[in-house]
$ cat query_1.cif   # mmCIF, C-alpha atoms (C1' of nucleotides)
data_work
#
loop_
_atom_site.label_atom_id
_atom_site.label_comp_id
_atom_site.auth_asym_id
_atom_site.auth_seq_id
_atom_site.Cartn_x
_atom_site.Cartn_y
_atom_site.Cartn_z
CA MET A 16 85.95 66.83 58.09
CA THR A 17 86.53 67.97 61.66
CA GLU A 18 85.23 71.24 62.96
CA ARG A 19 87.65 74.12 62.61
CA PRO A 20 87.79 76.10 65.84
CA PHE A 21 87.48 79.50 64.23
CA ALA A 22 85.31 78.46 61.30
CA ALA A 23 82.79 81.26 61.63
CA SER A 24 85.38 84.02 61.39
CA ASN A 25 88.42 82.77 59.53
CA ASP A 26 88.70 86.19 57.96
CA LEU A 27 88.95 87.81 61.38
CA PHE A 28 91.61 85.32 62.39
CA ALA A 29 93.58 85.95 59.23
CA ARG A 30 93.38 89.71 59.74
CA ALA A 31 94.40 89.45 63.37
CA TYR A 32 97.29 87.08 62.94
CA ALA A 33 98.25 87.71 59.31
CA GLY A 34 97.86 84.06 58.35
CA GLY A 35 99.58 82.45 61.34
CA ARG A 36 98.72 78.99 62.55
CA SER A 37 95.39 78.53 64.28
CA SER A 38 95.03 77.51 67.90
CA ALA A 39 92.36 77.61 70.57
CA GLN A 40 94.39 80.11 72.57
CA ARG A 41 94.77 82.48 69.63
CA VAL A 42 91.06 82.26 69.01
CA ALA A 43 90.36 83.08 72.65
CA VAL A 44 92.70 86.07 72.55
CA ALA A 45 91.20 87.39 69.32
CA GLN A 46 87.69 87.04 70.74
CA ALA A 47 88.74 88.76 73.98
CA VAL A 48 90.09 91.65 71.92
CA GLY A 49 86.69 91.82 70.26
CA ARG A 50 84.94 91.89 73.64
CA ALA A 51 87.26 94.53 75.08
CA ALA A 52 85.49 97.87 74.90
CA GLY A 53 88.20 100.27 73.79
CA ALA A 54 91.71 100.42 75.14
CA PHE A 55 93.13 97.61 77.22
CA THR A 56 96.35 96.48 78.84
CA VAL A 57 97.83 93.05 78.31
CA ASP A 58 96.93 92.26 81.90
CA GLY A 59 93.31 93.21 81.37
CA LEU A 60 93.21 91.27 78.14
CA THR A 61 94.63 88.23 79.93
CA ALA A 62 91.78 88.41 82.43
CA LEU A 63 89.25 88.55 79.59
CA VAL A 64 90.91 85.62 77.84
CA ARG A 65 90.85 83.55 81.02
CA GLU A 66 87.12 84.07 81.45
CA GLN A 67 86.85 81.90 78.36
CA ASP A 68 89.92 79.69 78.77
CA PRO A 69 91.54 79.86 82.23
CA GLY A 70 94.59 77.92 81.10
CA VAL A 71 96.00 80.54 78.74
CA SER A 72 99.41 81.72 79.86
CA LYS A 73 100.37 85.36 80.08
CA ALA A 74 103.30 84.75 77.76
CA THR A 75 100.86 83.51 75.15
CA VAL A 76 98.75 86.64 75.44
CA TYR A 77 101.88 88.78 75.02
CA ARG A 78 102.81 86.76 71.95
CA CYS A 79 99.35 87.11 70.48
CA VAL A 80 99.33 90.84 71.09
CA SER A 81 102.73 91.15 69.40
CA ALA A 82 101.49 89.13 66.44
CA MET A 83 98.35 91.27 66.12
CA ALA A 84 100.40 94.43 66.38
CA ALA A 85 102.74 93.15 63.67
CA SER A 86 99.78 92.48 61.40
CA GLY A 87 98.41 95.96 62.08
CA TYR A 88 95.32 94.65 63.84
CA LEU A 89 96.27 96.21 67.16
CA THR A 90 97.81 99.60 67.82
CA ARG A 91 99.62 100.78 70.88
CA ILE A 92 98.12 104.07 71.93
CA GLY A 93 99.95 104.85 75.15
CA ASP A 94 100.46 103.69 78.68
CA ARG A 95 98.43 103.34 81.84
CA ASP A 96 100.37 103.05 85.11
CA GLY A 97 103.46 101.91 83.26
CA ALA A 98 101.67 99.24 81.24
CA ALA A 99 101.23 99.47 77.49
CA LEU A 100 97.74 100.40 76.33
CA TRP A 101 96.43 98.70 73.18
CA VAL A 102 93.43 99.16 71.00
CA ARG A 103 92.00 97.31 68.01
CA CYS A 104 92.42 99.51 65.02
CA ASP A 105 91.66 98.48 61.49
CA ALA A 106 91.00 101.99 60.24
CA ASP A 107 92.91 103.11 57.20
CA GLY A 108 94.78 106.33 56.73
CA HIS A 109 96.47 108.73 59.09
CA HIS A 110 94.39 109.23 62.20
CA HIS A 111 94.66 109.37 65.97
CA HIS A 112 92.82 107.97 68.95
CA LEU A 113 90.70 109.57 71.60
CA VAL A 114 90.68 107.76 74.92
CA CYS A 115 88.00 108.20 77.54
CA THR A 116 89.86 108.64 80.80
CA SER A 117 86.87 107.33 82.71
CA CYS A 118 85.94 104.07 80.95
CA GLY A 119 88.78 103.51 78.49
CA ALA A 120 86.56 103.69 75.43
CA THR A 121 88.35 104.83 72.31
CA ALA A 122 87.38 106.58 69.12
CA HIS A 123 89.13 107.61 65.97
CA THR A 124 89.66 111.18 64.98
CA ALA A 125 91.20 112.85 62.00
CA CYS A 126 94.67 114.27 62.52
CA PRO A 127 94.23 117.69 64.19
CA VAL A 128 97.80 118.82 63.57
CA ASP A 129 98.06 121.94 61.49
CA ALA A 130 101.08 121.22 59.30
CA ASP A 131 101.58 124.88 58.43
CA ALA A 132 101.54 125.96 62.06
CA LEU A 133 103.90 123.14 62.88
CA ALA A 134 106.36 124.07 60.15
CA ALA A 135 106.18 127.72 61.18
CA SER A 136 106.88 127.09 64.85
CA ALA A 137 109.56 124.43 64.45
CA PRO A 138 113.10 125.71 64.90
CA GLU A 139 115.10 126.58 61.81
CA GLY A 140 116.50 123.42 60.25
CA PHE A 141 114.52 120.94 62.33
CA THR A 142 112.86 118.44 59.99
CA ILE A 143 109.76 116.85 61.49
CA THR A 144 109.31 113.32 60.21
CA SER A 145 106.50 112.00 62.37
CA HIS A 146 104.22 112.85 65.21
CA ASP A 147 102.11 111.12 67.79
CA VAL A 148 98.97 112.72 69.14
CA ARG A 149 97.12 111.35 72.14
CA LEU A 150 93.77 112.83 73.00
CA TYR A 151 92.11 112.36 76.34
CA GLY A 152 88.65 113.20 77.49
CA LEU A 153 85.25 111.81 78.32
CA CYS A 154 83.06 109.79 75.98
CA ALA A 155 79.41 110.66 75.55
CA SER A 156 78.11 108.28 78.18
CA CYS A 157 80.77 109.14 80.76
CA SER A 158 80.43 112.90 80.35
CA GLY A 159 76.66 112.47 80.69
CA ARG A 160 77.20 110.53 83.89
CA VAL A 161 79.54 113.21 85.24
CA GLN A 162 77.05 115.96 84.46
CA ARG A 163 74.21 114.07 86.13
CA ALA A 164 76.35 113.29 89.17
CA GLY A 165 77.78 116.78 89.41
CA GLY A 166 74.52 118.69 89.47
CA MET B 20 132.94 130.33 106.29
CA THR B 21 133.21 127.05 104.44
CA GLU B 22 132.71 126.86 100.72
CA ARG B 23 129.16 126.15 99.67
CA PRO B 24 129.16 123.43 97.05
CA PHE B 25 126.72 125.09 94.69
CA ALA B 26 127.66 128.67 95.45
CA ALA B 27 127.96 129.84 91.87
CA SER B 28 124.45 128.80 90.95
CA ASN B 29 122.27 128.74 94.00
CA ASP B 30 119.47 130.07 91.86
CA LEU B 31 119.75 127.06 89.56
CA PHE B 32 119.69 124.75 92.54
CA ALA B 33 116.63 126.46 93.96
CA ARG B 34 114.84 126.25 90.62
CA ALA B 35 115.74 122.59 90.16
CA TYR B 36 114.83 121.39 93.63
CA ALA B 37 112.33 124.01 94.70
CA GLY B 38 114.27 124.93 97.81
CA GLY B 39 115.21 121.47 99.01
CA ARG B 40 118.29 120.77 101.06
CA SER B 41 121.63 121.00 99.31
CA SER B 42 123.95 118.04 98.87
CA ALA B 43 126.89 117.12 96.68
CA GLN B 44 124.82 114.45 94.96
CA ARG B 45 122.00 116.85 94.12
CA VAL B 46 124.52 119.29 92.74
CA ALA B 47 126.05 116.56 90.59
CA VAL B 48 122.65 115.54 89.26
CA ALA B 49 121.65 119.12 88.49
CA GLN B 50 124.93 119.69 86.68
CA ALA B 51 124.54 116.47 84.73
CA VAL B 52 121.09 117.61 83.62
CA GLY B 53 122.74 120.79 82.42
CA ARG B 54 125.36 118.82 80.48
CA ALA B 55 122.78 116.46 78.93
CA ALA B 56 122.05 117.69 75.42
CA GLY B 57 118.33 117.28 75.08
CA ALA B 58 116.30 114.29 76.17
CA PHE B 59 117.75 111.69 78.49
CA THR B 60 116.76 108.60 80.41
CA VAL B 61 117.43 108.18 84.12
CA ASP B 62 119.98 105.55 83.23
CA GLY B 63 121.82 107.90 80.89
CA LEU B 64 121.65 110.66 83.46
CA THR B 65 123.08 108.31 86.08
CA ALA B 66 126.04 107.65 83.80
CA LEU B 67 126.60 111.39 83.39
CA VAL B 68 126.36 111.94 87.14
CA ARG B 69 128.87 109.19 87.81
CA GLU B 70 131.42 110.76 85.50
CA GLN B 71 131.58 113.47 88.12
CA ASP B 72 130.79 111.47 91.26
CA PRO B 73 130.96 107.68 90.81
CA GLY B 74 129.42 107.00 94.19
CA VAL B 75 125.94 108.35 93.45
CA SER B 76 123.30 105.68 93.72
CA LYS B 77 120.67 105.11 91.08
CA ALA B 78 117.94 105.54 93.67
CA THR B 79 119.30 109.00 94.41
CA VAL B 80 119.18 109.94 90.74
CA TYR B 81 115.58 108.75 90.58
CA ARG B 82 114.77 110.81 93.65
CA CYS B 83 116.45 113.89 92.20
CA VAL B 84 114.60 113.48 88.92
CA SER B 85 111.32 113.18 90.80
CA ALA B 86 112.12 116.29 92.81
CA MET B 87 113.02 118.23 89.67
CA ALA B 88 109.86 117.05 87.95
CA ALA B 89 107.81 118.12 90.96
CA SER B 90 109.37 121.56 90.84
CA GLY B 91 108.64 121.80 87.11
CA TYR B 92 112.31 121.87 86.17
CA LEU B 93 112.11 118.57 84.29
CA THR B 94 109.36 117.31 82.02
CA ARG B 95 108.68 113.79 80.94
CA ILE B 96 108.32 113.78 77.17
CA GLY B 97 107.93 110.11 76.36
CA ASP B 98 109.71 106.80 76.44
CA ARG B 99 112.68 105.16 74.80
CA ASP B 100 112.85 101.36 74.93
CA GLY B 101 110.54 101.25 77.89
CA ALA B 102 112.43 103.86 79.90
CA ALA B 103 111.03 107.28 80.67
CA LEU B 104 112.51 110.13 78.64
CA TRP B 105 113.08 113.45 80.42
CA VAL B 106 114.05 116.89 79.32
CA ARG B 107 114.86 120.11 81.12
CA CYS B 108 112.03 122.47 80.44
CA ASP B 109 111.57 125.84 82.06
CA ALA B 110 109.48 127.30 79.27
CA ASP B 111 106.14 128.82 80.20
CA GLY B 112 102.80 128.27 78.57
CA HIS B 113 101.31 125.44 76.58
CA HIS B 114 103.85 123.97 74.21
CA HIS B 115 105.26 120.68 72.99
CA HIS B 116 108.65 119.14 72.37
CA LEU B 117 110.42 118.09 69.22
CA VAL B 118 112.87 115.27 69.68
CA CYS B 119 115.67 114.52 67.25
CA THR B 120 115.52 110.76 66.69
CA SER B 121 119.20 110.76 65.83
CA CYS B 122 120.89 112.62 68.69
CA GLY B 123 118.10 113.16 71.22
CA ALA B 124 118.26 116.93 71.03
CA THR B 125 115.02 118.65 71.88
CA ALA B 126 113.34 121.89 71.00
CA HIS B 127 110.15 123.64 71.94
CA THR B 128 107.36 124.27 69.54
CA ALA B 129 104.01 125.98 69.81
CA CYS B 130 101.01 123.69 70.02
CA PRO B 131 100.16 122.65 66.45
CA VAL B 132 96.73 121.25 67.29
CA ASP B 133 93.90 122.93 65.43
CA ALA B 134 91.16 123.08 68.05
CA ASP B 135 88.43 123.63 65.47
CA ALA B 136 89.52 120.66 63.39
CA LEU B 137 89.72 118.60 66.53
CA ALA B 138 86.24 119.54 67.68
CA ALA B 139 84.87 118.87 64.21
CA SER B 140 86.35 115.41 63.88
CA ALA B 141 85.74 114.20 67.43
CA PRO B 142 82.74 111.91 67.76
CA GLU B 143 79.44 113.39 68.89
CA GLY B 144 79.44 113.86 72.66
CA PHE B 145 83.13 113.15 73.21
CA THR B 146 84.62 115.92 75.34
CA ILE B 147 88.35 116.35 74.84
CA THR B 148 90.03 117.56 78.02
CA SER B 149 93.72 117.25 77.20
CA HIS B 150 96.17 116.18 74.57
CA ASP B 151 99.73 115.10 74.28
CA VAL B 152 101.71 115.76 71.10
CA ARG B 153 105.10 114.19 70.46
CA LEU B 154 107.04 115.37 67.46
CA TYR B 155 109.95 113.43 66.03
CA GLY B 156 112.44 114.36 63.39
CA LEU B 157 115.98 115.47 62.76
CA CYS B 158 117.62 118.54 64.20
CA ALA B 159 119.57 120.90 61.95
CA SER B 160 122.95 119.31 62.51
CA CYS B 161 121.69 115.73 62.18
CA SER B 162 119.69 116.37 59.01
CA GLY B 163 122.74 118.08 57.53
CA ARG B 164 124.81 115.05 58.37
CA VAL B 165 122.25 112.72 56.76
CA GLN B 166 122.15 114.80 53.60
CA ARG B 167 125.95 114.85 53.33
CA ALA B 168 126.16 111.11 54.03
CA GLY B 169 123.30 110.24 51.69
CA GLY B 170 124.66 111.99 48.60
"C1'" DT C 25 126.92 122.44 120.28
"C1'" DA C 26 122.92 119.72 120.24
"C1'" DC C 27 119.07 118.38 117.92
"C1'" DT C 28 115.87 117.58 114.23
"C1'" DT C 29 115.05 116.90 109.56
"C1'" DC C 30 115.92 115.13 105.35
"C1'" DG C 31 118.92 113.24 101.63
"C1'" DT C 32 121.65 109.08 100.83
"C1'" DG C 33 123.31 104.24 99.71
"C1'" DC C 34 122.26 99.68 99.66
"C1'" DG C 35 119.63 96.24 98.31
"C1'" DA C 36 115.25 94.01 98.18
"C1'" DA C 37 110.90 94.20 96.04
"C1'" DC C 38 107.71 95.09 92.49
"C1'" DG C 39 105.41 95.07 88.00
"C1'" DG C 40 105.59 94.70 83.06
"C1'" DT C 41 107.72 92.28 79.53
"C1'" DT C 42 110.77 88.96 77.24
"C1'" DC C 43 113.24 84.74 76.96
"C1'" DT C 44 114.25 79.72 77.33
"C1'" DC C 45 113.03 75.17 76.84
"C1'" DA C 46 110.60 71.04 76.38
"C1'" DC C 47 106.28 69.57 74.65
"C1'" DG C 48 102.45 68.92 71.69
"C1'" DA C 49 99.33 70.26 68.08
"C1'" DA C 50 98.70 72.18 63.30
"C1'" DG C 51 99.38 71.68 58.71
"C1'" DG C 52 101.51 69.95 54.49
"C1'" DG C 53 103.31 66.23 51.62
"C1'" DA C 54 103.57 61.45 50.32
"C1'" DT D 16 96.08 58.06 56.78
"C1'" DC D 17 100.59 58.57 58.35
"C1'" DC D 18 104.77 61.00 59.05
"C1'" DC D 19 107.48 64.89 59.60
"C1'" DT D 20 108.49 69.61 60.17
"C1'" DT D 21 107.19 73.84 61.93
"C1'" DC D 22 105.39 76.68 65.11
"C1'" DG D 23 102.41 77.92 69.16
"C1'" DT D 24 102.21 76.86 74.09
"C1'" DG D 25 102.87 76.83 79.40
"C1'" DA D 26 105.76 77.48 83.13
"C1'" DG D 27 108.72 80.04 85.18
"C1'" DA D 28 113.15 82.32 85.25
"C1'" DA D 29 115.27 86.43 83.82
"C1'" DC D 30 115.51 91.11 82.73
"C1'" DC D 31 114.79 95.98 83.23
"C1'" DG D 32 113.00 100.26 84.95
"C1'" DT D 33 111.36 101.96 89.07
"C1'" DT D 34 110.05 102.30 93.98
"C1'" DC D 35 110.45 101.24 98.80
"C1'" DG D 36 112.39 100.35 103.53
"C1'" DC D 37 115.86 101.11 106.56
"C1'" DA D 38 119.79 102.68 108.92
"C1'" DC D 39 123.10 106.27 108.63
"C1'" DG D 40 125.08 110.71 108.25
"C1'" DA D 41 125.13 115.44 106.74
"C1'" DA D 42 122.56 119.90 106.46
"C1'" DG D 43 120.43 123.37 108.66
"C1'" DT D 44 118.63 125.71 112.80
"C1'" DA D 45 118.07 127.26 117.54
#
$ encode --input "query_1.cif" --output "structure tokens"
Amino acid sequence: MTERPFAASNDLFARAYAGGRSSAQRVAVAQAVGRAAGAFTVDGLTALVREQDPGVSKATVYRCVSAMAASGYLTRIGDRDGAALWVRCDADGHHHHLVCTSCGATAHTACPVDADALAASAPEGFTITSHDVRLYGLCASCSGRVQRAGG
Amino acid sequence: MTERPFAASNDLFARAYAGGRSSAQRVAVAQAVGRAAGAFTVDGLTALVREQDPGVSKATVYRCVSAMAASGYLTRIGDRDGAALWVRCDADGHHHHLVCTSCGATAHTACPVDADALAASAPEGFTITSHDVRLYGLCASCSGRVQRAGG
DNA sequence: TACTTCGTGCGAACGGTTCTCACGAAGGGA
DNA sequence: TCCCTTCGTGAGAACCGTTCGCACGAAGTA
């Protein structure tokens, strides 16, 4: 029996790619996603992937990201300078993401939308079917750094 | 005295462009924004502008949109298929926009974010500085149409 | 009227993303 | 183990939204 490239974490691979075919590049991308602290762009992820395997093409990273998004392993949480911002998200249930504007770290938060207030303030007849909340701020370590630096 | 091109609504022009120089193209863009029902992309706005003045360049429309955004007359409320989505917004105070996913109509709504709930569910130490809420649904006329069509 | 300033059109450039195509590896069946 | 089909890959062109550079001309002012 030959060594399987992703033997130690087949479950992770299956979750990330929803049972797709295994390849060294896909493994590298999945591991780079694991190393990425918080939100990342495809460009940033490509750089991380190439630290491990310099030959991986950008098209491949895009394809992997699409596959992971299709399987629900990645979520698009916004944009940064025109580029899509992704984050690994395997949390269940309705929730939103906080993004640290300083370091890009992310965290989950419960939905802060008050459905009653929303229904009350929506115009007559407008049926709200979905919403998208993006929360920005500073994570614990970054806000500590700012406070120390600022005084 | 020659006719001023935007004579009937100099106030509108001033609001849209914050006192910039007048030109036929800027007038056409401002009028197209007025004709646009709800949210629009720059591409869609360009089409509207060219109904009135086919010679207006896309770069000019982009420049006009930037000027109107700088003056607060337009607000960017999201994206559609990778293109920025704009809406005319001269409302004061903190609010958000509802977008009809069927016809693109927009409406204002008060901020539905429950600050207490948000603070309670945010991770320890995470300071939230801003948020961005996008609400999607069906406007009165579109939801009526769906109901009639659906049964 | 002359002059300066600024908006314009054209088109190239840019960056993010997708597509095409030939190739090769993965995986399943015999 | 071999063969065959399927699917992931790399390279780079293409696409699209957006911005930039430049020369020109119109707006506005003295």
$ atom_distance --input "query_1.cif" --atom1 "atom C1' of D:DG32" --atom2 "atom C1' of C:DT41"
11.0 Å
$ closest_residue --input "query_1.cif" --among "B:Leu67, B:Val118, B:Ala78, B:Val132" --to "chain C" --atoms "only C-alpha atoms (C1' of nucleotides)"
B:Ala78
$ calpha_fit_and_write --input "query_1.cif" --fixed "chain B" --moving "chain A" --output "tab-separated table (two decimals) with C-alpha atoms, in the frame of the given file"
chain	number	residue	atom	x	y	z
A	16	MET	CA	132.00	130.86	106.63
A	17	THR	CA	132.48	127.56	104.82
A	18	GLU	CA	132.13	127.24	101.10
A	19	ARG	CA	128.65	126.33	99.95
A	20	PRO	CA	128.82	123.57	97.35
A	21	PHE	CA	126.45	125.19	94.90
A	22	ALA	CA	127.31	128.80	95.69
A	23	ALA	CA	127.67	129.93	92.10
A	24	SER	CA	124.19	128.83	91.09
A	25	ASN	CA	121.94	128.75	94.12
A	26	ASP	CA	119.15	130.02	91.91
A	27	LEU	CA	119.53	127.04	89.61
A	28	PHE	CA	119.47	124.70	92.58
A	29	ALA	CA	116.37	126.35	93.97
A	30	ARG	CA	114.62	126.12	90.60
A	31	ALA	CA	115.60	122.50	90.14
A	32	TYR	CA	114.69	121.26	93.57
A	33	ALA	CA	112.10	123.84	94.65
A	34	GLY	CA	114.01	124.76	97.79
A	35	GLY	CA	114.98	121.28	98.97
A	36	ARG	CA	118.04	120.62	101.06
A	37	SER	CA	121.40	120.91	99.35
A	38	SER	CA	123.78	118.01	98.88
A	39	ALA	CA	126.76	117.18	96.72
A	40	GLN	CA	124.78	114.47	94.95
A	41	ARG	CA	121.92	116.82	94.10
A	42	VAL	CA	124.41	119.31	92.76
A	43	ALA	CA	126.01	116.63	90.60
A	44	VAL	CA	122.63	115.55	89.24
A	45	ALA	CA	121.57	119.11	88.48
A	46	GLN	CA	124.86	119.77	86.69
A	47	ALA	CA	124.54	116.51	84.73
A	48	VAL	CA	121.08	117.62	83.61
A	49	GLY	CA	122.69	120.83	82.43
A	50	ARG	CA	125.34	118.91	80.49
A	51	ALA	CA	122.83	116.52	78.92
A	52	ALA	CA	122.14	117.71	75.39
A	53	GLY	CA	118.40	117.27	75.01
A	54	ALA	CA	116.40	114.26	76.08
A	55	PHE	CA	117.86	111.67	78.41
A	56	THR	CA	116.90	108.56	80.32
A	57	VAL	CA	117.55	108.13	84.01
A	58	ASP	CA	120.17	105.55	83.11
A	59	GLY	CA	121.97	107.95	80.82
A	60	LEU	CA	121.75	110.68	83.40
A	61	THR	CA	123.21	108.33	86.01
A	62	ALA	CA	126.20	107.74	83.75
A	63	LEU	CA	126.70	111.49	83.36
A	64	VAL	CA	126.42	112.01	87.11
A	65	ARG	CA	128.98	109.30	87.79
A	66	GLU	CA	131.52	110.93	85.49
A	67	GLN	CA	131.60	113.63	88.15
A	68	ASP	CA	130.84	111.59	91.27
A	69	PRO	CA	131.08	107.81	90.78
A	70	GLY	CA	129.52	107.09	94.15
A	71	VAL	CA	126.04	108.41	93.38
A	72	SER	CA	123.44	105.67	93.63
A	73	LYS	CA	120.81	105.07	90.99
A	74	ALA	CA	118.08	105.46	93.59
A	75	THR	CA	119.39	108.94	94.31
A	76	VAL	CA	119.26	109.90	90.65
A	77	TYR	CA	115.66	108.64	90.46
A	78	ARG	CA	114.82	110.69	93.54
A	79	CYS	CA	116.44	113.79	92.11
A	80	VAL	CA	114.63	113.38	88.82
A	81	SER	CA	111.32	113.01	90.67
A	82	ALA	CA	112.07	116.12	92.71
A	83	MET	CA	112.96	118.12	89.59
A	84	ALA	CA	109.84	116.89	87.84
A	85	ALA	CA	107.74	117.91	90.84
A	86	SER	CA	109.24	121.38	90.74
A	87	GLY	CA	108.56	121.63	87.01
A	88	TYR	CA	112.23	121.75	86.11
A	89	LEU	CA	112.11	118.48	84.21
A	90	THR	CA	109.40	117.19	81.90
A	91	ARG	CA	108.77	113.67	80.79
A	92	ILE	CA	108.44	113.66	77.04
A	93	GLY	CA	108.08	109.99	76.22
A	94	ASP	CA	109.88	106.70	76.30
A	95	ARG	CA	112.87	105.09	74.65
A	96	ASP	CA	113.06	101.29	74.75
A	97	GLY	CA	110.71	101.18	77.71
A	98	ALA	CA	112.61	103.77	79.73
A	99	ALA	CA	111.19	107.18	80.53
A	100	LEU	CA	112.65	110.05	78.51
A	101	TRP	CA	113.18	113.36	80.31
A	102	VAL	CA	114.11	116.82	79.23
A	103	ARG	CA	114.88	120.06	81.05
A	104	CYS	CA	112.07	122.42	80.37
A	105	ASP	CA	111.68	125.79	81.99
A	106	ALA	CA	109.64	127.29	79.17
A	107	ASP	CA	106.36	128.88	80.09
A	108	GLY	CA	103.03	128.36	78.44
A	109	HIS	CA	101.50	125.53	76.49
A	110	HIS	CA	104.02	124.02	74.13
A	111	HIS	CA	105.37	120.69	72.94
A	112	HIS	CA	108.73	119.11	72.31
A	113	LEU	CA	110.48	118.04	69.16
A	114	VAL	CA	112.93	115.19	69.60
A	115	CYS	CA	115.70	114.41	67.16
A	116	THR	CA	115.53	110.68	66.63
A	117	SER	CA	119.20	110.62	65.72
A	118	CYS	CA	120.94	112.51	68.55
A	119	GLY	CA	118.18	113.07	71.11
A	120	ALA	CA	118.35	116.84	70.90
A	121	THR	CA	115.10	118.56	71.77
A	122	ALA	CA	113.44	121.82	70.89
A	123	HIS	CA	110.28	123.59	71.84
A	124	THR	CA	107.48	124.24	69.44
A	125	ALA	CA	104.17	125.98	69.72
A	126	CYS	CA	101.14	123.73	69.98
A	127	PRO	CA	100.25	122.65	66.42
A	128	VAL	CA	96.82	121.30	67.33
A	129	ASP	CA	94.00	123.01	65.53
A	130	ALA	CA	91.32	123.23	68.22
A	131	ASP	CA	88.54	123.80	65.69
A	132	ALA	CA	89.52	120.78	63.63
A	133	LEU	CA	89.78	118.75	66.80
A	134	ALA	CA	86.35	119.78	68.03
A	135	ALA	CA	84.87	119.10	64.60
A	136	SER	CA	86.30	115.61	64.28
A	137	ALA	CA	85.72	114.45	67.85
A	138	PRO	CA	82.68	112.22	68.28
A	139	GLU	CA	79.45	113.79	69.47
A	140	GLY	CA	79.56	114.28	73.23
A	141	PHE	CA	83.25	113.51	73.71
A	142	THR	CA	84.82	116.31	75.75
A	143	ILE	CA	88.55	116.64	75.16
A	144	THR	CA	90.30	117.87	78.28
A	145	SER	CA	93.96	117.51	77.38
A	146	HIS	CA	96.31	116.34	74.73
A	147	ASP	CA	99.89	115.23	74.36
A	148	VAL	CA	101.79	115.80	71.16
A	149	ARG	CA	105.16	114.21	70.49
A	150	LEU	CA	107.07	115.31	67.44
A	151	TYR	CA	109.94	113.35	66.00
A	152	GLY	CA	112.42	114.24	63.34
A	153	LEU	CA	115.96	115.31	62.65
A	154	CYS	CA	117.65	118.40	64.05
A	155	ALA	CA	119.56	120.73	61.78
A	156	SER	CA	122.94	119.14	62.32
A	157	CYS	CA	121.68	115.56	62.02
A	158	SER	CA	119.64	116.19	58.88
A	159	GLY	CA	122.70	117.89	57.38
A	160	ARG	CA	124.77	114.85	58.22
A	161	VAL	CA	122.19	112.53	56.66
A	162	GLN	CA	122.08	114.59	53.48
A	163	ARG	CA	125.87	114.64	53.20
A	164	ALA	CA	126.09	110.90	53.87
A	165	GLY	CA	123.23	110.03	51.57
A	166	GLY	CA	124.49	111.77	48.46
$ resolve_selection --input "query_1.cif" --expression "the PyMOL selection byres ((chain A) within 6 of (chain B))" --output "list in words"
Thr124, Ala125, Pro127, Val128, Asp129, Ala132, Leu133, Ser136, Ala137, Gly140, Phe141, Thr142, Ile143, Thr144, Ser145, His146, Asp147, Val148, Arg149, Leu150, Tyr151, Gly152, Leu153, Cys154 and Ala155 of chain A
$ residues_around --input "query_1.cif" --residues "D:DC39" --least-positions-apart "6" --cutoff "12 Å" --atoms "all atoms listed in the file" --output "list in words"
DC30, DG31, DT32, DG33 and DC34 of chain C
$ closest_atom_pairs --input "query_1.cif" --of "chain B" --to "chain D" --cutoff "12 Å" --atoms "all atoms listed in the file" --output "JSON lines"
{"residue": "B:Arg23", "atom": "CA", "partner": "D:DA42", "partner_atom": "C1'", "distance": 11.3}
{"residue": "B:Gly39", "atom": "CA", "partner": "D:DA42", "partner_atom": "C1'", "distance": 10.6}
{"residue": "B:Arg40", "atom": "CA", "partner": "D:DA42", "partner_atom": "C1'", "distance": 6.9}
{"residue": "B:Ser41", "atom": "CA", "partner": "D:DA42", "partner_atom": "C1'", "distance": 7.3}
{"residue": "B:Ser42", "atom": "CA", "partner": "D:DA42", "partner_atom": "C1'", "distance": 7.9}
{"residue": "B:Ala43", "atom": "CA", "partner": "D:DA41", "partner_atom": "C1'", "distance": 10.4}
{"residue": "B:Gln44", "atom": "CA", "partner": "D:DA41", "partner_atom": "C1'", "distance": 11.8}
{"residue": "B:Thr60", "atom": "CA", "partner": "D:DG32", "partner_atom": "C1'", "distance": 10.2}
{"residue": "B:Val61", "atom": "CA", "partner": "D:DG32", "partner_atom": "C1'", "distance": 9.1}
{"residue": "B:Asp62", "atom": "CA", "partner": "D:DG32", "partner_atom": "C1'", "distance": 8.9}
{"residue": "B:Lys77", "atom": "CA", "partner": "D:DT33", "partner_atom": "C1'", "distance": 10.0}
{"residue": "B:Ala78", "atom": "CA", "partner": "D:DT34", "partner_atom": "C1'", "distance": 8.5}
{"residue": "B:Thr79", "atom": "CA", "partner": "D:DT34", "partner_atom": "C1'", "distance": 11.4}
{"residue": "B:Val80", "atom": "CA", "partner": "D:DT33", "partner_atom": "C1'", "distance": 11.3}
{"residue": "B:Tyr81", "atom": "CA", "partner": "D:DT33", "partner_atom": "C1'", "distance": 8.1}
{"residue": "B:Arg82", "atom": "CA", "partner": "D:DT34", "partner_atom": "C1'", "distance": 9.7}
{"residue": "B:Val84", "atom": "CA", "partner": "D:DT33", "partner_atom": "C1'", "distance": 12.0}
{"residue": "B:Ser85", "atom": "CA", "partner": "D:DT33", "partner_atom": "C1'", "distance": 11.4}
{"residue": "B:Asp98", "atom": "CA", "partner": "D:DG32", "partner_atom": "C1'", "distance": 11.2}
{"residue": "B:Arg99", "atom": "CA", "partner": "D:DG32", "partner_atom": "C1'", "distance": 11.3}
{"residue": "B:Asp100", "atom": "CA", "partner": "D:DC31", "partner_atom": "C1'", "distance": 10.1}
{"residue": "B:Gly101", "atom": "CA", "partner": "D:DG32", "partner_atom": "C1'", "distance": 7.5}
{"residue": "B:Ala102", "atom": "CA", "partner": "D:DG32", "partner_atom": "C1'", "distance": 6.2}
{"residue": "B:Ala103", "atom": "CA", "partner": "D:DG32", "partner_atom": "C1'", "distance": 8.5}
{"residue": "B:Leu104", "atom": "CA", "partner": "D:DG32", "partner_atom": "C1'", "distance": 11.7}
